[in-house]
Structure formats: structure tokens, C-alpha cells
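Each remark here refers to the structure printed beneath this line.
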Amino acid sequence: MENPDTEARILVTGGTGLLGGYLLKALSKRGLRARAIHRGALPAETPGLDVEWVPGDILDLGALDDAMQGVTEVYHCAAMVSFHPRRRSLMQRVNVEGTANVVNAALRHGVRKLVHVSSVSALGRKRQGVTVREDIPWDDEANLSAYGLTKHLAELEVHRGIAEGLEAVMVNPSIILGVGDWHRGSAAMFRNAWREFPWYTDGGTGLVDAADVAEAMVRLMESPIHSERFILSSENWPYRRIFTEMALAMGKRPPHRRASPWMGGIVWRWEWVKSLLSPFDPLLTRETAETAQTSVAYDNSKILDSLPGFSFRPLQEVIRDYAREYSVKFGKA
């Protein structure tokens, strides 16, 4: 460990992920040095980023204890997102057991506060025509997603930590937009728009800027608020409008063919068959096919009321800016 005068007092799990990267930038802009856990090779240096990278894994109790030494604040961003049945066991370990490990280590080391990144999936994404708020009860029928279940169970681990004396808050972002690897996660939406994917569905969802999520997390850490959860979602848009805005911002043709529910059923079954002969997850699963046909709206009023002066960047502006960055960075890929 470093000299106590310069040692980081903030720990970030999942710092190499999309949201983790934006969080580290937000902390550095405030002049705050963070310690971040990484697996595998050491991440490349980023100008203006003040980070103490330490090797580790939230499933490795010894490494997690070492990383927690001297830490007073923890941002838990690490998680596994997958909608493939063969990933369920690993998701259970990473999202639930990993969160339990972080909570337990925070309690052992007397951490002042924890900010846990959950998901709107933990609130139930299959709620047609319902505006989802933080106090909505968990309903197994409203969420067929194994990912959503693991995030719900992870929240229960955080609640357990709160009951044992840990100050913690939870954030539930909707689809997070940012610049990352456009072969993965929400970034793949920009890739599909770039490739002029012609299909759209009748569903809709909430979206949010990764920079806004990071800013809200830091403000919640700085605030006296604890034992609460907050939906972080900028606006609710139909999927067709989302992909149309992305395509237009990159000078591409917007989607123009409607994919009906029965068509989605055929496609996810075909993708499942292909995945049996491939090491890669299918592009579409039963869960994602059903979600794409569902319109869900998220209420963001609680976070806006709780953090005076905080606001979300307009979604059209977010999509335009990131679409242009993707065009320059990955346009030839």
C-alpha cells in the first residue's frame, strides 16, 4: 500500500466497465483519488484519471479484503449482465454472492458508506402500461429475467448490510448509454444502428446517460441520504425512436420494418439453436424478445427531488453526441 497521505480512500468495483469508467472520471474531476479493482491485464492509462488499480475479484475474499484496507467509501458497480440460460449460475455468483462479499467486507472494515449499482430490472421490467417507481413491490410474474432476479437478490444483501449498521444507497439505472465496446451491452444498440438494422419493435423503455448516473452516484455519496434506492432514468422512449435517432445521428437509414411478436419468437428460437454450436451468446433470447415488445415507463422524480440542482441531460442530445463518437471511433469496424 501507498503512503497514508496519498492512499485512496474510495474503492470502485467494476471500474473497467462502461459505468465504472464514467464514475472514475467523475471522481477524478472532483480531485478524488479512487482505488479500483481489475481482473486480468492492467487497464491502459487514461489522461486525467487518478486511479490506483489493484488486482482482484469480488469473488476472491482475500483480494477484496486487501482492496478494502483504509477505504471509507465504496462504489459497487461490478456485475454480470446476461440473458442466456447458460450464464445463470455465474450471474448468481457474481451478482448475489459478489455483492454479499462486498457488503461483508465493508462491514468488517468500517466503511462509512456504500453506493450499490442495481438496475431497473430489479424492479421488474415486464410491466406493460405501468409507470415504475422505487416503491413498487417485487413481482415474479413481472420479471422473467434471471438477471433481474439476481439484481433483486443483490439488493436484499445490501438491505441486510443496512440492518447490520452499514449506510448504503442503491441506484436503479435504466439502459445506460455511453461510449464503450460497441460489441457488448447497450453500446451494441449504436452498432446495430450503424449497420442499418431494418427492424423495430412496438416496445419502449427508459434510457440514461452514463455520465449522469455517475454524477448522481457521487452526489448521493456526498449527501446524508442512506437506506434508499433511486431510479436513474432520463426519458422513456419507444424502441423505434431510439434506433431512429441513433441512425440519423450517424447518417444511416433508420429502421423501417416492424417486427411482430410472432416474428420475434421465430428469431429467438433460431438464435438459440445457433448458440448450441457457438461459444458466443445468442443475439436474441426469449427474455429479450419479450422485453422488446413491452412498453415500460420509469419515474425519475425521486432522485430529482432528493438532489437539488441535479438534472438529466436531454436524451436526444445524449444519443447525438455518443452516436458521433461511435462513428469516429468504430465506424470502420
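Going by the C-alpha cells order, chains are called A, B, ..., each with residues numbered from 1, while ligands are numbered from 1 in the order shown.
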Expected answer as a ChimeraX atom specification: strand (DSSP E) residues in segment 101-254 of chain A: /A:113-117,131-132,168-173,175-177,199-200,204-209,228-232,235-238
As a short mmCIF file (atom, residue, chain, number, x, y, z; two decimals) with N, CA and C atoms, in the first residue's frame, please: every residue in segment 28-126 of chain A that a backbone DSSP assignment puts in alpha helix (DSSP H).
```cif
data_model
loop_
_atom_site.label_atom_id
_atom_site.label_comp_id
_atom_site.auth_asym_id
_atom_site.auth_seq_id
_atom_site.Cartn_x
_atom_site.Cartn_y
_atom_site.Cartn_z
N SER A 28 -12.38 11.78 -10.48
CA SER A 28 -11.13 12.49 -10.79
C SER A 28 -11.37 13.98 -11.02
N LYS A 29 -12.49 14.32 -11.64
CA LYS A 29 -12.82 15.73 -11.87
C LYS A 29 -13.01 16.48 -10.56
N LEU A 61 -12.22 -13.43 -1.60
CA LEU A 61 -12.37 -12.74 -0.32
C LEU A 61 -11.07 -12.11 0.15
N GLY A 62 -9.96 -12.79 -0.06
CA GLY A 62 -8.68 -12.25 0.37
C GLY A 62 -8.32 -10.98 -0.38
N ALA A 63 -8.47 -11.02 -1.70
CA ALA A 63 -8.15 -9.85 -2.52
C ALA A 63 -9.09 -8.70 -2.20
N LEU A 64 -10.36 -9.01 -1.93
CA LEU A 64 -11.32 -7.97 -1.61
C LEU A 64 -10.97 -7.31 -0.27
N ASP A 65 -10.54 -8.09 0.71
CA ASP A 65 -10.11 -7.53 1.99
C ASP A 65 -8.90 -6.62 1.81
N ASP A 66 -7.96 -7.05 0.99
CA ASP A 66 -6.78 -6.22 0.73
C ASP A 66 -7.18 -4.90 0.09
N ALA A 67 -8.09 -4.96 -0.89
CA ALA A 67 -8.52 -3.75 -1.59
C ALA A 67 -9.29 -2.80 -0.68
N ARG A 88 -26.71 -18.32 -16.06
CA ARG A 88 -27.46 -18.06 -14.83
C ARG A 88 -26.65 -18.37 -13.58
N SER A 89 -25.97 -19.48 -13.58
CA SER A 89 -25.21 -19.87 -12.40
C SER A 89 -24.10 -18.87 -12.11
N LEU A 90 -23.38 -18.46 -13.14
CA LEU A 90 -22.30 -17.49 -12.96
C LEU A 90 -22.85 -16.13 -12.54
N MET A 91 -24.01 -15.74 -13.12
CA MET A 91 -24.64 -14.47 -12.71
C MET A 91 -25.02 -14.51 -11.24
N GLY A 98 -21.22 -12.07 -4.97
CA GLY A 98 -20.23 -10.99 -5.04
C GLY A 98 -20.67 -9.78 -4.25
N THR A 99 -21.95 -9.42 -4.35
CA THR A 99 -22.47 -8.29 -3.57
C THR A 99 -22.43 -8.59 -2.08
N ALA A 100 -22.76 -9.81 -1.70
CA ALA A 100 -22.68 -10.20 -0.29
C ALA A 100 -21.25 -10.05 0.23
N ASN A 101 -20.28 -10.43 -0.60
CA ASN A 101 -18.88 -10.30 -0.22
C ASN A 101 -18.50 -8.84 -0.01
N VAL A 102 -18.95 -7.97 -0.91
CA VAL A 102 -18.64 -6.54 -0.81
C VAL A 102 -19.27 -5.96 0.46
N VAL A 103 -20.53 -6.30 0.71
CA VAL A 103 -21.22 -5.81 1.90
C VAL A 103 -20.51 -6.28 3.17
N ASN A 104 -20.15 -7.56 3.22
CA ASN A 104 -19.48 -8.10 4.40
C ASN A 104 -18.13 -7.44 4.63
N ALA A 105 -17.37 -7.24 3.56
CA ALA A 105 -16.06 -6.60 3.68
C ALA A 105 -16.21 -5.15 4.15
N ALA A 106 -17.24 -4.47 3.63
CA ALA A 106 -17.48 -3.08 4.04
C ALA A 106 -17.80 -3.01 5.53
N LEU A 107 -18.58 -3.96 6.02
CA LEU A 107 -18.91 -4.01 7.44
C LEU A 107 -17.67 -4.29 8.29
N ARG A 108 -16.84 -5.22 7.83
CA ARG A 108 -15.63 -5.58 8.58
C ARG A 108 -14.66 -4.40 8.68
#
```
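Taking only C-alpha atoms into account, Ala36 of chain A lies nearest to A:Tyr75 out of the set A:Tyr75, A:Tyr22, A:Phe330, A:Tyr147.
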Residue neighbourhood Ser234 of chain A, 9 Å, only C-alpha atoms, exclusion window fewer than 4 positions, as JSON, numbers by chain: {"A": [174, 206, 207, 208, 209, 212, 298, 300, 311, 312, 313, 314, 315]}
Could you turn the residues from that selection into a file that holds C-alpha atoms, as a compact mmCIF listing (two decimals), in the first residue's frame?
```
# COMPACT_ATOMS: atom_id res chain seq x y z
CA SER A 174 -32.43 2.09 -16.91
CA GLY A 206 -36.08 4.27 -20.29
CA LEU A 207 -32.56 5.39 -21.07
CA VAL A 208 -29.94 7.44 -19.25
CA ASP A 209 -26.51 8.96 -19.86
CA ASP A 212 -25.50 11.35 -15.36
CA TYR A 298 -39.84 4.80 -15.26
CA ASN A 300 -37.34 9.69 -12.07
CA SER A 311 -30.77 17.14 -13.77
CA PHE A 312 -30.56 14.64 -16.60
CA ARG A 313 -29.10 15.60 -19.95
CA PRO A 314 -31.77 15.53 -22.72
CA LEU A 315 -31.82 12.08 -24.30
```
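In this model, the gap between atom CA of Glu228 of chain A and atom CA of Asp299 of chain A comes to 15.2 Å.
Within 7 Å of segment 187-199 of chain A there are Leu177, Gly178, Val179, Gly180, Asp181, Trp182, His183, Arg184, Gly185, Thr201, Phe243, Met246, Ala247, Met250, Lys252, Arg253, Pro254, Pro255, His256, Arg257, Arg258, Ala259 and Ala323 of chain A, counting only C-alpha atoms and ignoring same-chain residues fewer than 2 positions away.
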May I have the selected residues written with C-alpha atoms, as a CSV table (one decimal), in the first residue's frame?
```csv
chain,number,residue,atom,x,y,z
A,177,LEU,CA,-25.8,4.9,-22.8
A,178,GLY,CA,-22.1,5.7,-23.1
A,179,VAL,CA,-19.0,5.1,-25.3
A,180,GLY,CA,-17.5,1.6,-24.7
A,181,ASP,CA,-17.1,-1.6,-26.6
A,182,TRP,CA,-19.9,-1.5,-29.1
A,183,HIS,CA,-19.9,-5.3,-29.5
A,184,ARG,CA,-21.3,-5.5,-25.9
A,185,GLY,CA,-24.3,-4.4,-23.9
A,201,THR,CA,-40.5,-3.5,-32.3
A,243,PHE,CA,-32.9,3.5,-33.1
A,246,MET,CA,-29.1,6.8,-33.4
A,247,ALA,CA,-29.2,6.0,-37.1
A,250,MET,CA,-24.7,8.6,-37.8
A,252,LYS,CA,-27.7,5.9,-41.6
A,253,ARG,CA,-31.1,4.7,-42.7
A,254,PRO,CA,-33.5,4.3,-39.7
A,255,PRO,CA,-35.4,1.0,-39.0
A,256,HIS,CA,-38.4,0.7,-41.2
A,257,ARG,CA,-39.8,-2.8,-40.8
A,258,ARG,CA,-42.0,-3.7,-37.9
A,259,ALA,CA,-41.1,-7.0,-36.1
A,323,ALA,CA,-23.5,8.4,-32.0
```
May I have the residues within 9 Å of Glu134 of chain A as a VMD selection string, using only C-alpha atoms and disregarding those fewer than 3 positions away in the same chain? chain A and resid 123 137 172 228 to 231 299 302
Please produce an output containing C-alpha atoms for each residue in the selection, written as a PDB file, in the first residue's frame.
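Produced file selection.pdb, reproduced below:
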```pdb
ATOM      1  CA  LEU A 123     -37.981  -3.594 -10.122  1.00  0.00           C
ATOM      2  CA  PRO A 137     -43.061  -4.406  -4.859  1.00  0.00           C
ATOM      3  CA  ASN A 172     -31.508   1.565 -10.357  1.00  0.00           C
ATOM      4  CA  GLU A 228     -32.947   4.436  -0.011  1.00  0.00           C
ATOM      5  CA  ARG A 229     -32.995   3.416  -3.673  1.00  0.00           C
ATOM      6  CA  PHE A 230     -33.349   5.687  -6.681  1.00  0.00           C
ATOM      7  CA  ILE A 231     -34.406   5.124 -10.266  1.00  0.00           C
ATOM      8  CA  ASP A 299     -40.496   7.676 -12.855  1.00  0.00           C
ATOM      9  CA  LYS A 302     -37.482  10.850  -6.530  1.00  0.00           C
TER      10      LYS A 302
END
```
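Proximity to Ser227 of chain A at 8 Å, evaluated using only C-alpha atoms and with sequence-adjacent residues fewer than 2 positions away removed, yields His159, Ile162, Glu167, Ala168, Val169, Met170, Ile225 and Arg229 of chain A.
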Put those residues in a file: N, CA and C atoms, as a PDB file, in the first residue's frame.
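Just written: again-v4.pdb:
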```
ATOM      1  N   HIS A 159     -29.659  -4.574   1.747  1.00  0.00           N
ATOM      2  CA  HIS A 159     -30.586  -4.321   2.857  1.00  0.00           C
ATOM      3  C   HIS A 159     -30.116  -5.016   4.130  1.00  0.00           C
ATOM      4  N   ILE A 162     -27.478  -2.928   5.596  1.00  0.00           N
ATOM      5  CA  ILE A 162     -28.064  -1.760   6.260  1.00  0.00           C
ATOM      6  C   ILE A 162     -28.577  -2.139   7.649  1.00  0.00           C
ATOM      7  N   GLU A 167     -24.274   2.160   6.230  1.00  0.00           N
ATOM      8  CA  GLU A 167     -25.015   3.179   5.489  1.00  0.00           C
ATOM      9  C   GLU A 167     -24.853   2.886   4.002  1.00  0.00           C
ATOM     10  N   ALA A 168     -25.967   2.784   3.309  1.00  0.00           N
ATOM     11  CA  ALA A 168     -25.908   2.440   1.888  1.00  0.00           C
ATOM     12  C   ALA A 168     -27.087   3.025   1.145  1.00  0.00           C
ATOM     13  N   VAL A 169     -26.867   3.312  -0.129  1.00  0.00           N
ATOM     14  CA  VAL A 169     -27.943   3.688  -1.038  1.00  0.00           C
ATOM     15  C   VAL A 169     -27.811   2.826  -2.288  1.00  0.00           C
ATOM     16  N   MET A 170     -28.927   2.627  -2.975  1.00  0.00           N
ATOM     17  CA  MET A 170     -28.941   1.833  -4.192  1.00  0.00           C
ATOM     18  C   MET A 170     -29.475   2.679  -5.342  1.00  0.00           C
ATOM     19  N   ILE A 225     -28.036  11.151   2.650  1.00  0.00           N
ATOM     20  CA  ILE A 225     -29.072  10.170   2.306  1.00  0.00           C
ATOM     21  C   ILE A 225     -28.526   8.750   2.433  1.00  0.00           C
ATOM     22  N   ARG A 229     -33.392   3.745  -2.309  1.00  0.00           N
ATOM     23  CA  ARG A 229     -32.995   3.416  -3.673  1.00  0.00           C
ATOM     24  C   ARG A 229     -33.614   4.426  -4.619  1.00  0.00           C
TER      25      ARG A 229
END
```
